[in-house]
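To be precise, the following lines are final28.tsv, and they hold TSV, C-alpha atoms.
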chain	number	residue	atom	x	y	z
A	1	MET	CA	-29.85	-15.83	28.78
A	2	SER	CA	-27.39	-13.53	26.98
A	3	SER	CA	-28.24	-12.25	23.51
A	4	LYS	CA	-25.19	-14.00	22.08
A	5	ARG	CA	-26.27	-17.34	23.49
A	6	ALA	CA	-29.82	-16.80	22.20
A	7	LEU	CA	-28.53	-16.14	18.69
A	8	VAL	CA	-26.44	-19.32	18.77
A	9	LEU	CA	-29.44	-21.39	19.89
A	10	ALA	CA	-31.62	-19.84	17.19
A	11	ALA	CA	-29.02	-20.63	14.54
A	12	LEU	CA	-28.81	-24.25	15.70
A	13	LEU	CA	-32.62	-24.55	15.58
A	14	LEU	CA	-32.78	-23.26	12.01
A	15	PHE	CA	-29.95	-25.59	11.00
A	16	PHE	CA	-31.88	-28.56	12.39
A	17	ILE	CA	-35.13	-27.60	10.64
A	18	PHE	CA	-33.76	-26.84	7.21
A	19	PHE	CA	-30.70	-29.02	6.82
A	20	LEU	CA	-30.92	-32.03	9.14
A	21	TYR	CA	-34.59	-32.64	8.38
A	22	PRO	CA	-34.73	-34.54	5.06
A	23	ARG	CA	-36.08	-32.83	1.97
A	24	SER	CA	-38.26	-35.81	1.09
A	25	GLN	CA	-39.42	-38.92	2.85
A	26	THR	CA	-38.46	-42.40	1.76
A	27	PRO	CA	-41.80	-44.29	1.88
A	28	LEU	CA	-43.85	-44.73	-1.29
A	29	PRO	CA	-43.45	-41.49	-3.27
A	30	PHE	CA	-46.88	-41.78	-4.86
A	31	GLU	CA	-48.99	-42.94	-1.95
A	32	PRO	CA	-52.64	-43.19	-3.01
A	33	GLU	CA	-54.28	-39.92	-2.07
A	34	PRO	CA	-57.66	-39.53	-0.38
A	35	SER	CA	-60.83	-39.57	-2.38
A	36	PRO	CA	-62.64	-36.56	-0.98
A	37	GLY	CA	-66.22	-36.63	0.13
A	38	VAL	CA	-68.08	-33.57	1.34
A	39	ASP	CA	-69.23	-32.80	4.86
A	40	HIS	CA	-70.59	-30.02	7.04
A	41	ALA	CA	-69.35	-29.07	10.49
A	42	ASP	CA	-72.90	-28.94	11.75
A	43	GLY	CA	-73.79	-32.42	10.55
A	44	ASP	CA	-76.31	-31.32	7.91
A	45	ASN	CA	-76.56	-32.93	4.50
A	46	PRO	CA	-73.43	-32.68	2.36
A	47	LEU	CA	-73.04	-30.20	-0.48
A	48	THR	CA	-75.25	-30.72	-3.48
A	49	ASN	CA	-73.52	-31.45	-6.78
A	50	GLN	CA	-70.62	-33.14	-5.03
A	51	PRO	CA	-68.51	-36.06	-6.33
A	52	ASP	CA	-69.04	-39.50	-4.87
A	53	SER	CA	-66.79	-40.39	-1.94
A	54	THR	CA	-65.73	-43.81	-3.24
A	55	PRO	CA	-61.91	-44.03	-3.28
A	56	LYS	CA	-60.12	-44.29	-6.60
A	57	LEU	CA	-56.94	-45.94	-5.45
A	58	ASP	CA	-55.90	-46.78	-8.98
A	59	ALA	CA	-55.77	-43.12	-9.99
A	60	SER	CA	-52.32	-42.37	-8.56
A	61	PRO	CA	-49.19	-43.14	-10.61
A	62	PRO	CA	-47.12	-46.15	-9.52
A	63	PRO	CA	-44.04	-45.60	-7.36
A	64	LEU	CA	-40.97	-44.44	-9.22
A	65	ILE	CA	-38.62	-46.32	-6.91
A	66	SER	CA	-39.53	-49.59	-5.27
A	67	THR	CA	-38.93	-49.73	-1.55
A	68	GLY	CA	-38.55	-53.51	-1.64
A	69	SER	CA	-35.25	-55.19	-0.82
A	70	GLU	CA	-35.00	-56.57	-4.35
A	71	THR	CA	-34.42	-53.13	-5.84
A	72	SER	CA	-30.76	-52.55	-6.58
A	73	ILE	CA	-28.92	-49.31	-5.89
A	74	LYS	CA	-28.19	-49.00	-9.61
A	75	GLN	CA	-31.90	-49.20	-10.48
A	76	GLN	CA	-32.70	-46.54	-7.88
A	77	GLN	CA	-30.01	-44.23	-9.24
A	78	THR	CA	-31.36	-44.70	-12.76
A	79	SER	CA	-34.88	-43.86	-11.60
A	80	ILE	CA	-33.67	-40.73	-9.84
A	81	LEU	CA	-31.90	-39.62	-13.01
A	82	ASN	CA	-35.10	-40.19	-14.97
A	83	LEU	CA	-37.06	-38.13	-12.46
A	84	LYS	CA	-36.20	-34.89	-14.26
A	85	ASN	CA	-37.79	-36.26	-17.43
A	86	LEU	CA	-41.16	-36.63	-15.74
A	87	PRO	CA	-43.90	-33.98	-15.82
A	88	LEU	CA	-43.34	-31.28	-13.20
A	89	LYS	CA	-46.26	-32.36	-11.00
A	90	ASP	CA	-44.86	-35.89	-10.84
A	91	GLN	CA	-41.46	-34.55	-9.83
A	92	LEU	CA	-43.08	-32.58	-7.02
A	93	ALA	CA	-45.15	-35.58	-5.93
A	94	TYR	CA	-41.99	-37.66	-5.62
A	95	GLN	CA	-40.03	-35.02	-3.72
A	96	PHE	CA	-42.88	-34.08	-1.37
A	97	PRO	CA	-45.19	-37.06	-0.81
A	98	TYR	CA	-48.56	-36.41	0.76
A	99	ARG	CA	-50.12	-38.37	3.61
A	100	VAL	CA	-53.41	-37.08	4.92
A	101	SER	CA	-53.08	-39.24	8.04
A	102	SER	CA	-49.94	-37.38	9.17
A	103	LYS	CA	-50.04	-34.56	11.72
A	104	PHE	CA	-50.12	-30.88	10.85
A	105	PRO	CA	-46.55	-29.63	11.39
A	106	ALA	CA	-46.23	-27.08	14.21
A	107	TYR	CA	-44.70	-24.33	12.05
A	108	ILE	CA	-45.72	-20.70	11.60
A	109	TRP	CA	-44.17	-19.19	8.46
A	110	GLN	CA	-44.10	-15.47	7.73
A	111	THR	CA	-42.02	-13.31	5.42
A	112	TRP	CA	-40.77	-9.74	5.50
A	113	LYS	CA	-37.74	-7.66	4.48
A	114	TYR	CA	-36.34	-7.79	8.01
A	115	THR	CA	-36.76	-9.99	11.07
A	116	PRO	CA	-38.30	-8.58	14.27
A	117	ALA	CA	-34.79	-8.43	15.76
A	118	ASN	CA	-33.83	-5.78	13.20
A	119	ALA	CA	-34.45	-2.13	14.06
A	120	LYS	CA	-35.82	-1.63	10.54
A	121	PHE	CA	-38.71	-4.01	11.19
A	122	LYS	CA	-41.92	-1.95	10.88
A	123	GLU	CA	-43.47	-1.00	14.21
A	124	GLU	CA	-47.01	-1.59	12.92
A	125	PHE	CA	-46.10	-5.23	12.28
A	126	ARG	CA	-44.71	-5.96	15.74
A	127	VAL	CA	-48.13	-6.54	17.31
A	128	THR	CA	-49.37	-8.75	14.48
A	129	GLU	CA	-46.15	-10.79	14.30
A	130	ALA	CA	-46.06	-11.26	18.07
A	131	SER	CA	-49.67	-12.44	18.13
A	132	TRP	CA	-48.68	-15.66	16.36
A	133	THR	CA	-46.04	-16.49	18.95
A	134	GLU	CA	-48.37	-15.60	21.81
A	135	LYS	CA	-51.14	-17.86	20.50
A	136	HIS	CA	-48.72	-20.68	19.60
A	137	PRO	CA	-46.01	-20.90	22.26
A	138	ASN	CA	-45.12	-24.47	21.31
A	139	PHE	CA	-44.81	-23.81	17.58
A	140	VAL	CA	-41.67	-22.98	15.60
A	141	HIS	CA	-42.35	-19.43	14.39
A	142	GLU	CA	-40.08	-18.04	11.68
A	143	VAL	CA	-40.06	-14.69	9.89
A	144	ILE	CA	-38.12	-15.40	6.71
A	145	THR	CA	-36.35	-12.49	5.01
A	146	ASP	CA	-36.07	-12.20	1.24
A	147	ARG	CA	-32.38	-13.11	1.39
A	148	VAL	CA	-32.97	-16.19	3.54
A	149	ALA	CA	-35.91	-17.24	1.35
A	150	VAL	CA	-33.63	-17.52	-1.69
A	151	HIS	CA	-31.30	-19.94	0.10
A	152	LEU	CA	-34.13	-21.88	1.69
A	153	ILE	CA	-35.94	-22.45	-1.60
A	154	ARG	CA	-32.65	-23.43	-3.22
A	155	HIS	CA	-32.16	-26.05	-0.52
A	156	LEU	CA	-35.69	-27.44	-0.63
A	157	TYR	CA	-36.07	-27.46	-4.43
A	158	SER	CA	-32.55	-28.17	-5.64
A	159	SER	CA	-33.81	-31.38	-7.27
A	160	VAL	CA	-36.57	-29.52	-9.16
A	161	PRO	CA	-34.56	-26.93	-11.16
A	162	ASP	CA	-37.57	-25.55	-13.06
A	163	VAL	CA	-39.06	-24.34	-9.78
A	164	LEU	CA	-35.81	-22.63	-8.81
A	165	GLU	CA	-35.58	-20.95	-12.20
A	166	ALA	CA	-39.17	-19.72	-11.95
A	167	TYR	CA	-38.66	-18.33	-8.43
A	168	ASN	CA	-35.53	-16.44	-9.48
A	169	THR	CA	-37.26	-15.18	-12.64
A	170	LEU	CA	-40.29	-13.58	-10.97
A	171	PRO	CA	-39.85	-9.82	-11.50
A	172	LEU	CA	-41.55	-8.40	-8.38
A	173	PRO	CA	-41.09	-9.08	-4.64
A	174	ILE	CA	-44.84	-9.61	-4.19
A	175	LEU	CA	-44.79	-12.36	-6.82
A	176	LYS	CA	-41.95	-14.08	-4.99
A	177	ALA	CA	-43.74	-13.63	-1.66
A	178	ASP	CA	-46.87	-15.28	-3.10
A	179	PHE	CA	-44.84	-18.12	-4.59
A	180	PHE	CA	-42.85	-18.62	-1.38
A	181	ARG	CA	-45.96	-19.38	0.70
A	182	TYR	CA	-46.97	-22.20	-1.63
A	183	LEU	CA	-43.42	-23.52	-1.84
A	184	ILE	CA	-42.78	-23.63	1.91
A	185	LEU	CA	-46.15	-25.26	2.64
A	186	LEU	CA	-45.68	-27.87	-0.10
A	187	ALA	CA	-42.26	-28.78	1.26
A	188	ARG	CA	-42.73	-28.38	5.01
A	189	GLY	CA	-46.41	-27.78	5.80
A	190	GLY	CA	-47.69	-25.83	8.78
A	191	VAL	CA	-49.31	-22.40	8.71
A	192	TYR	CA	-48.39	-19.54	6.42
A	193	ALA	CA	-49.62	-16.10	7.57
A	194	ASP	CA	-48.94	-12.67	6.09
A	195	ILE	CA	-46.91	-10.44	8.39
A	196	ASP	CA	-49.90	-8.07	8.69
A	197	THR	CA	-52.30	-10.73	10.01
A	198	LEU	CA	-53.38	-10.82	13.64
A	199	ALA	CA	-53.90	-14.23	15.23
A	200	LEU	CA	-57.17	-14.09	17.17
A	201	GLN	CA	-57.40	-17.77	18.12
A	202	PRO	CA	-54.82	-20.58	18.11
A	203	VAL	CA	-54.62	-22.91	15.13
A	204	THR	CA	-55.71	-25.81	17.32
A	205	ASP	CA	-59.16	-24.19	17.58
A	206	TRP	CA	-59.69	-23.72	13.84
A	207	ILE	CA	-60.95	-27.20	13.00
A	208	SER	CA	-64.23	-28.36	14.51
A	209	ASP	CA	-64.26	-31.51	16.62
A	210	HIS	CA	-66.73	-32.80	14.05
A	211	PHE	CA	-63.79	-33.31	11.67
A	212	GLN	CA	-61.04	-35.85	12.26
A	213	LEU	CA	-57.57	-34.28	11.94
A	214	ASN	CA	-56.23	-37.41	10.25
A	215	SER	CA	-58.69	-36.83	7.38
A	216	VAL	CA	-57.84	-33.14	6.85
A	217	GLY	CA	-54.83	-31.97	4.84
A	218	LEU	CA	-55.66	-28.36	3.97
A	219	VAL	CA	-57.51	-25.55	5.77
A	220	ILE	CA	-58.55	-22.46	3.81
A	221	GLY	CA	-60.81	-19.46	4.32
A	222	ILE	CA	-62.99	-17.27	2.14
A	223	GLU	CA	-61.64	-13.82	1.31
A	224	ALA	CA	-64.71	-12.46	-0.45
A	225	ASP	CA	-68.29	-13.49	-1.20
A	226	PRO	CA	-69.60	-10.42	-3.05
A	227	ASP	CA	-73.29	-11.12	-3.61
A	228	ARG	CA	-73.90	-8.19	-5.94
A	229	PRO	CA	-74.26	-7.75	-9.73
A	230	ASP	CA	-71.01	-5.79	-10.10
A	231	TRP	CA	-68.86	-8.22	-8.10
A	232	ALA	CA	-66.32	-8.45	-10.93
A	233	ALA	CA	-65.44	-4.78	-10.42
A	234	TRP	CA	-64.20	-5.62	-6.93
A	235	TYR	CA	-62.86	-9.16	-7.06
A	236	SER	CA	-61.44	-11.61	-9.58
A	237	ARG	CA	-63.69	-14.53	-8.66
A	238	ARG	CA	-67.28	-14.76	-7.40
A	239	ILE	CA	-66.03	-16.73	-4.39
A	240	GLN	CA	-62.41	-15.91	-3.67
A	241	PHE	CA	-60.30	-17.94	-1.24
A	242	CYS	CA	-57.73	-15.97	0.69
A	243	GLN	CA	-54.06	-16.85	0.67
A	244	TRP	CA	-52.88	-14.53	3.44
A	245	THR	CA	-53.46	-17.46	5.83
A	246	ILE	CA	-53.26	-21.14	4.85
A	247	GLN	CA	-52.74	-24.31	6.89
A	248	SER	CA	-51.59	-27.51	5.23
A	249	LYS	CA	-49.79	-30.78	5.55
A	250	PRO	CA	-46.71	-31.23	3.34
A	251	GLY	CA	-47.28	-32.35	-0.23
A	252	HIS	CA	-50.96	-31.48	-0.55
A	253	PRO	CA	-52.15	-31.83	-4.18
A	254	VAL	CA	-53.57	-28.29	-4.30
A	255	LEU	CA	-50.14	-26.89	-3.41
A	256	ARG	CA	-48.52	-29.18	-5.95
A	257	GLU	CA	-50.95	-27.90	-8.57
A	258	ILE	CA	-50.37	-24.22	-7.94
A	259	VAL	CA	-46.58	-24.57	-7.68
A	260	ALA	CA	-46.52	-26.38	-11.02
A	261	ASN	CA	-48.88	-23.86	-12.64
A	262	ILE	CA	-46.90	-20.81	-11.49
A	263	THR	CA	-43.64	-22.43	-12.56
A	264	ILE	CA	-44.92	-23.27	-16.03
A	265	GLU	CA	-46.52	-19.84	-16.51
A	266	THR	CA	-43.41	-17.99	-15.32
A	267	LEU	CA	-41.04	-19.90	-17.60
A	268	LYS	CA	-43.43	-19.37	-20.52
A	269	ARG	CA	-43.47	-15.62	-19.86
A	270	LYS	CA	-39.69	-15.61	-19.59
A	271	LYS	CA	-39.36	-17.36	-22.94
A	272	THR	CA	-41.74	-14.92	-24.65
A	273	GLY	CA	-40.37	-11.82	-22.89
A	274	LYS	CA	-43.65	-11.00	-21.10
A	275	LEU	CA	-42.53	-10.59	-17.49
A	276	THR	CA	-43.98	-7.12	-16.90
A	277	VAL	CA	-47.05	-7.10	-14.67
A	278	ASP	CA	-49.58	-4.78	-13.00
A	279	HIS	CA	-51.79	-5.43	-9.96
A	280	GLU	CA	-54.33	-7.44	-11.93
A	281	GLY	CA	-51.48	-9.46	-13.36
A	282	VAL	CA	-50.23	-10.30	-9.85
A	283	VAL	CA	-53.68	-11.56	-8.81
A	284	GLU	CA	-53.91	-13.75	-11.91
A	285	TRP	CA	-50.27	-14.89	-11.89
A	286	THR	CA	-49.57	-15.85	-8.26
A	287	GLY	CA	-52.38	-14.31	-6.18
A	288	PRO	CA	-55.84	-15.26	-4.91
A	289	ALA	CA	-57.34	-15.71	-8.39
A	290	VAL	CA	-55.06	-18.59	-9.38
A	291	TRP	CA	-55.16	-19.94	-5.81
A	292	THR	CA	-58.96	-20.07	-6.01
A	293	ASP	CA	-58.80	-21.73	-9.42
A	294	ALA	CA	-56.42	-24.42	-8.15
A	295	ILE	CA	-58.76	-25.24	-5.27
A	296	PHE	CA	-61.84	-25.58	-7.45
A	297	LYS	CA	-59.89	-27.68	-9.93
A	298	TYR	CA	-58.99	-30.06	-7.12
A	299	PHE	CA	-62.61	-30.26	-5.95
A	300	ASN	CA	-63.64	-31.38	-9.45
A	301	ASP	CA	-60.66	-33.54	-10.42
A	302	ASP	CA	-61.53	-37.18	-11.13
A	303	THR	CA	-58.00	-38.13	-10.11
A	304	TYR	CA	-59.15	-37.62	-6.52
A	305	PHE	CA	-62.94	-37.89	-6.81
A	306	ASP	CA	-65.13	-40.59	-8.28
A	307	MET	CA	-67.31	-38.49	-10.60
A	308	THR	CA	-69.51	-41.38	-11.75
A	309	ASP	CA	-72.60	-40.23	-9.84
A	310	SER	CA	-71.74	-36.54	-9.72
A	311	LYS	CA	-74.63	-34.12	-10.21
A	312	GLY	CA	-72.27	-31.43	-11.49
A	313	ASN	CA	-69.19	-29.50	-10.59
A	314	ILE	CA	-68.58	-27.96	-7.19
A	315	SER	CA	-68.58	-24.19	-7.73
A	316	TRP	CA	-68.89	-20.88	-5.92
A	317	ALA	CA	-72.61	-21.60	-5.44
A	318	ASN	CA	-71.73	-24.33	-2.94
A	319	PHE	CA	-69.96	-21.86	-0.65
A	320	THR	CA	-71.77	-18.54	-0.96
A	321	GLY	CA	-73.44	-17.39	2.24
A	322	MET	CA	-71.96	-20.19	4.37
A	323	SER	CA	-71.64	-19.48	8.09
A	324	GLU	CA	-70.21	-22.82	9.27
A	325	PRO	CA	-67.15	-24.76	8.07
A	326	LYS	CA	-67.58	-27.27	5.26
A	327	LYS	CA	-65.33	-30.21	4.49
A	328	VAL	CA	-64.73	-31.25	0.88
A	329	GLY	CA	-62.69	-34.42	0.97
A	330	ASP	CA	-59.53	-33.55	2.87
A	331	VAL	CA	-60.07	-29.76	2.62
A	332	VAL	CA	-61.80	-27.74	5.34
A	333	VAL	CA	-63.29	-24.49	4.02
A	334	LEU	CA	-63.88	-21.92	6.75
A	335	PRO	CA	-66.58	-19.23	6.42
A	336	ILE	CA	-65.64	-15.66	5.56
A	337	THR	CA	-65.72	-14.59	9.22
A	338	SER	CA	-62.80	-16.89	10.06
A	339	PHE	CA	-60.06	-15.11	8.08
A	340	SER	CA	-61.87	-11.90	7.07
A	341	PRO	CA	-63.75	-10.62	10.13
A	342	GLY	CA	-64.84	-7.02	10.37
A	343	ILE	CA	-64.64	-6.23	6.64
A	344	GLY	CA	-68.20	-4.89	6.56
A	345	HIS	CA	-69.51	-6.91	3.61
A	346	SER	CA	-70.05	-10.42	2.25
A	347	GLY	CA	-71.81	-11.41	5.47
A	348	ALA	CA	-68.60	-11.39	7.53
A	349	GLY	CA	-68.95	-11.21	11.31
A	350	GLU	CA	-66.94	-9.00	13.63
A	351	VAL	CA	-63.59	-9.78	15.25
A	352	ASP	CA	-65.30	-10.93	18.46
A	353	ASP	CA	-67.30	-13.56	16.61
A	354	PRO	CA	-66.51	-17.10	17.87
A	355	MET	CA	-65.66	-18.07	14.27
A	356	ALA	CA	-63.11	-15.23	13.83
A	357	PHE	CA	-59.63	-16.77	13.82
A	358	VAL	CA	-57.38	-14.33	11.91
A	359	LYS	CA	-57.70	-10.63	11.07
A	360	HIS	CA	-55.94	-9.12	8.06
A	361	GLU	CA	-54.91	-5.70	9.36
A	362	PHE	CA	-53.25	-3.89	6.44
A	363	GLU	CA	-54.74	-5.48	3.35
A	364	GLY	CA	-52.96	-4.49	0.16
A	365	SER	CA	-50.21	-2.53	1.93
A	366	TRP	CA	-47.70	-3.68	-0.70
A	367	LYS	CA	-49.70	-2.05	-3.54
A	368	PRO	CA	-49.52	1.55	-4.74
A	369	GLU	CA	-52.47	3.56	-3.35
A	370	SER	CA	-53.95	3.95	-6.83
A	371	GLU	CA	-54.11	0.16	-7.31
A	372	ARG	CA	-55.58	-0.92	-3.98
A	373	ILE	CA	-59.02	-2.48	-4.12
A	374	LYS	CA	-61.43	-0.82	-1.74
A	375	ASN	CA	-63.95	-2.98	0.07
A	376	PRO	CA	-67.46	-2.66	-1.39
A	377	GLY	CA	-68.63	-1.73	2.11
A	378	GLU	CA	-66.50	1.45	1.93
A	379	GLU	CA	-68.40	2.99	-0.98
Go ahead and express the file in the form of structure tokens.
Amino acid sequence: MSSKRALVLAALLLFFIFFLYPRSQTPLPFEPEPSPGVDHADGDNPLTNQPDSTPKLDASPPPLISTGSETSIKQQQTSILNLKNLPLKDQLAYQFPYRVSSKFPAYIWQTWKYTPANAKFKEEFRVTEASWTEKHPNFVHEVITDRVAVHLIRHLYSSVPDVLEAYNTLPLPILKADFFRYLILLARGGVYADIDTLALQPVTDWISDHFQLNSVGLVIGIEADPDRPDWAAWYSRRIQFCQWTIQSKPGHPVLREIVANITIETLKRKKTGKLTVDHEGVVEWTGPAVWTDAIFKYFNDDTYFDMTDSKGNISWANFTGMSEPKKVGDVVVLPITSFSPGIGHSGAGEVDDPMAFVKHEFEGSWKPESERIKNPGEE
């Protein structure tokens, strides 16, 4: 196949994905979401201090637009106009409805300044980028450049102008890169992976057969589990979930939460003129700290969990030292070895461990040398 023909085919494929595929689905915009219970991959007893698994189907807001035949076009248009007056999370829920029973989309999303076809693409990233295609030959694998990301987000979020304003306002590329991963997964789902991550095993092997795929909507891994008194000198949270690799179905409530939070925080900073940021500010603005907070908030949110018989909040203590996957409602939490093998601390196994799925090769490569956090094991 000639290079010219290959480029034409690639352009047609991208056109189909981003423009012919609808931005939102027409069934009930606020479908009742799952009430999470807690489970272990190995079949042991569930987590202690977990919420009850009884569904709370009355917790979700009613549909904004009826799908019944009695609804007039005029009423639908009025409801759409009123959509912008709703809280941001409700706008996102309408635009990107969540259905845990749907399939995980076969997308691999990555971002960098240049695509692999460009001579300026870094040589050290060619092996890591190619590993995702090699492990997932039947997936759509896209490396999105900064320029393309702007147009893609504009297309996907044109009906949620606050999100667009926040994305364009973020003052650093790393902030936009963080935000992009949440935005693309909320809208399209699939797998997001940093360009410096090496795929060790295919995505289809990440979830244990013990878990039903139609009851899982989000797969995350642990970045750090620093069991030491001075953990705060190394990490922002006692248990920190990594965001260099995430798998999700479109519309997941955790993604909705973090997109709304980052948008609100960014617009607040813009209004008050506080858009300058250092490394710690990145972590707390768009990075793993706020990602971890959003996950724990979801685990303890009575919108999704019946807390009547709860023995207390789910916290870092429920995940420290874990060596097997755990399922909290529709979220599968993988042990530290899965996305952080070979780091030399926190009980992580090596890259040849059966539970090692992804290796982060050049952690913190975007940061100045003086601001990179060294692993405690390197002391």
Inset, instruction - Go through A:Asp225, A:Glu350, A:Glu265, A:Asp278 and flag the residue nearest Met322 of chain A, using only C-alpha atoms for the distances. - result: A:Asp225
Inset, instruction - Could you tell me how far atom CA of Pro288 of chain A lies from atom CA of Gln240 of chain A, in Å and to one decimal? - result: 6.7 Å
Inset, instruction - In Å, rounded to a single decimal, give me how far atom CA of Val219 of chain A is from atom CA of Ile246 of chain A. - result: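 Going from atom CA of Ile246 of chain A over to atom CA of Val219 of chain A, I get 6.2 Å.
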Legend entry - Å distance separating atom CA of Phe339 of chain A from atom CA of Ser248 of chain A, one decimal place: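 Interatomic distance here is 15.3 Å.
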Legend entry - Given only C-alpha atoms as the counted atoms, nearest of A:Val150, A:Asp196, A:Phe211, A:Pro105 to Glu129 of chain A: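 Among A:Val150, A:Asp196, A:Phe211, A:Pro105, it is A:Asp196 that comes nearest to Glu129 of chain A.
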Inset, instruction - Find the residue from A:Thr197, A:Arg188, A:Val143, A:Gln91 that sits nearest to Phe121 of chain A; use only C-alpha atoms when measuring. - result: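 For Phe121 of chain A, the nearest of the given residues is A:Val143.
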Inset, instruction - Determine the nearest neighbour of Phe96 of chain A from the options A:Pro229, A:Pro325, A:Pro171, A:Pro253, counting only C-alpha atoms. - result: A:Pro253
Inset, instruction - For the point (-51.7, -16.7, 14.4) in the file's frame, write as a PyMOL selection string all residues with an atom no more than 7 Å away, counting all atoms listed in the file. - result: chain A and resi 131-132+135+198-203+358
Legend entry - Nearest residue to Ile222 of chain A from the set A:Tyr298, A:Phe319, A:Tyr167, A:Trp206 (distances using only C-alpha atoms):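 Nearest to Ile222 of chain A: A:Phe319.
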Legend entry - Nearest to Arg154 of chain A by atom-to-atom distance, counting only C-alpha atoms, from A:Thr128, A:Thr263, A:Thr111, A:Asn168: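 Closest to Arg154 of chain A, using only C-alpha atoms: A:Asn168.
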Inset, instruction - Identify, on the basis of only C-alpha atoms, every residue whose closest approach to Leu255 of chain A does not exceed 12 Å; exclude the query and any residue fewer than 6 positions from it along the same chain; express the result as a ChimeraX atom specification. - result: /A:89,92-93,96-98,179-189,217-220,243,246-249,261-262,290-295,297-298,331
